Every structure is written in structure tokens, then in C-alpha cells.
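Participant: So that we are looking at the same thing, I have put the structure below in C-alpha cells.
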Amino acid sequence: EEEEEEEFCPPGCDPALYEQVCELREKRLDQEEVAAEFQKAVEGLKKDNEALVKKEKIVDLALKQTEQEIQQFQTFKQQRLNELHVVITLKMHQVKCLVSGKLPPDLSHTIVFTNQGLRRLRERIDELKDEKEELKRNHKQLKREHVQLLKSKKVKEEKLKELEARARDVQMLKFGQEVDLEVLEKMSVNKTAEELKQQLKKLEGKNSRELKAWQVQIDEAAAELASVTKQNTEKLERVAELTSAQHRLEKELNSTQSRMVAEVGPSKEKMKAEREQLVSLVKLQAREMEALKAEINMLRRKGGHVYTPVVRRG
């Protein structure tokens, strides 16, 4: 029933457009089915690939083990073959082991050697002779150089002795005694080091004094800041108290004025006097507040003279 209902074109919809939508829907469903089949096939191929990779690893491991076993077997076989006695047939013209022109009766101590290897050994004998002659020539050349160096060393030593004697004579003429040049050199180096140490000490002392002076200035500034902050706090508290008192007095003044309107007779003059007294008190507190505000502003600027006005209370 639902499929039959979906076949009907909704009211107000173009039938051609509805048909195209239905066709596209069918194509989409077909494509989804094909894609699902491809996905299943891909997953199956992945599983097969993983299984084949595992099998390949197992086969490679078995192959390596087999190759190692074959190598071990070949080595063992070669060792066993080397232990076997082998008979080699030689012709008479190949035998060069003759003693007094005759073949010795016992050949157990002889070896089989190729003609090419024998020629190489003979050539090596000639090469060794040439190398020996070259070494002899080099040795003679080194001996001649050694003799020349010994003569040069002897000349240098004689010249050195002559210079030392002249230096002793000069020292005896100038100082009346021999002077150790190494000690003198060390003393000069130490003198330079001492001068540098003194300069460094002076610089350290100067820097220390400057640092102390700056520290004193910082401490004074911090103390001044703390004092100014304290005074500012006290002034602000005083302003708050005066503001509260002013509000309270204004409230009392307003209530007094309202009562004065209702009263008559001699009490009217009394209320008037009280009102004037309250007004003067309010003005006085206002002046005190203005003075405190001025002091707070000057303290914030950290300059000027902080003054306290003299206020008379009636």
C-alpha cells in the first residue's frame, strides 16, 4: 500500500518533474546496491589479501629456516669431505720434487702446487729483493740526514752556550748577580693581574655604592607611597563620615522645616534658630569636605603642601 501511495503525484506538482524524481530515485537505489556489492567484494578481497600475507610470512620464515639448514648441511658436508684422503694422478713431467736428480722414496711431506703459483712466488722473490735495495737506500739517506742534524745540533748548542755566557755577563754588570728570567716573567704577569684585580675591585665598589644609593631611594619612595596611601585612606574615610553626617543633618533639617510649618507661637522662633544653626553646621561640614577633597587631590599628585583649615564650631 505504501508503494502504491508513493506512485501518486502530489497535488500541485509537475508530473514530468515527479517522473524525473522517481527515475533518479530508482537510479540512486540501483547505484547504492552496486556500491554495496562492490564494498562487499572489496572487504572479501581485503580478507583474502590478509590471509595471503600471513601465508607469505609463514612461507618466508620456513624458506629462511630451510636455507639455514641447507647452509649448515653444506658446511658439514665440506668439513667431512676435507677429512677424506684424495688420490691425485700426476705425470712425471709434473713432479718437480727431486733430490739429487732423483725422486725421493717418501712423498708424504710434499704438497701439490700449481706452476702459476710457483711463478708468482719466484716473482715475489725478485720484488722482495728490489724492496730490500730501496730500504737500504732509504736507510743510507736517513743516516746522512742524522749526521747532518747532529752537526747542526752541536753548532746550536755551542751558540746557545755562548749566548748564555753573554747573558750572564750582562746580568752581572747590570744587577751584580744572575737573574732568573722565568721568575721575572712570572712576577711581571702577576703584577698585571694584580692591576686588573685592583681595577675590578674599584668597579665592584663603585657599582655597590650606586646600588645601595638606588636601594635607599627605592625604600624612601616606597615609604612615601605608603604614607601618602595611608593619608589618602584617612581622608576618604573622613569624607565618607562627613557625607553621612551631611545627609543626616539635611534629613533632620527637612523634618524640622516640616514641623515648623505646623507649629505657631513662641516655638516658631526657636525652630528658626535651630534651623539656622543646622544650616550653618551643614555649610561648615561642606567646607571641611571641600578642604579634604583638595588635600586628597594634592596627595594624589604627590606635590604641594597639605594644609588643614581651622574650623570653628558654634
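Chain labels A, B, ... are given in the sequence in which chains occur in the C-alpha cells; within each chain residues are numbered consecutively from 1, and ligands are likewise numbered from 1 in the order shown.
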What are the DSSP alpha helix (DSSP H) residues of segment 39-201 of chain A, as a PyMOL selection string?
Facilitator: chain A and resi 39-82+115-175+181-201
Participant: Which of these, A:Leu90, A:Leu121, A:Leu253, A:Ala165, has the shortest distance to Arg275 of chain A once you count only C-alpha atoms?
Facilitator: A:Leu253
Participant: At what distance in Å, to one decimal, does atom CA of Met298 of chain A lie from atom CA of Gln231 of chain A?
Facilitator: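 Distance reported for this atom pair: 11.1 Å.
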Participant: Could you check how far atom CA of Gln71 of chain A sits from atom CA of Val59 of chain A, in Å to one decimal?
Facilitator: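 For atom CA of Gln71 of chain A relative to atom CA of Val59 of chain A, the distance reads 18.1 Å.
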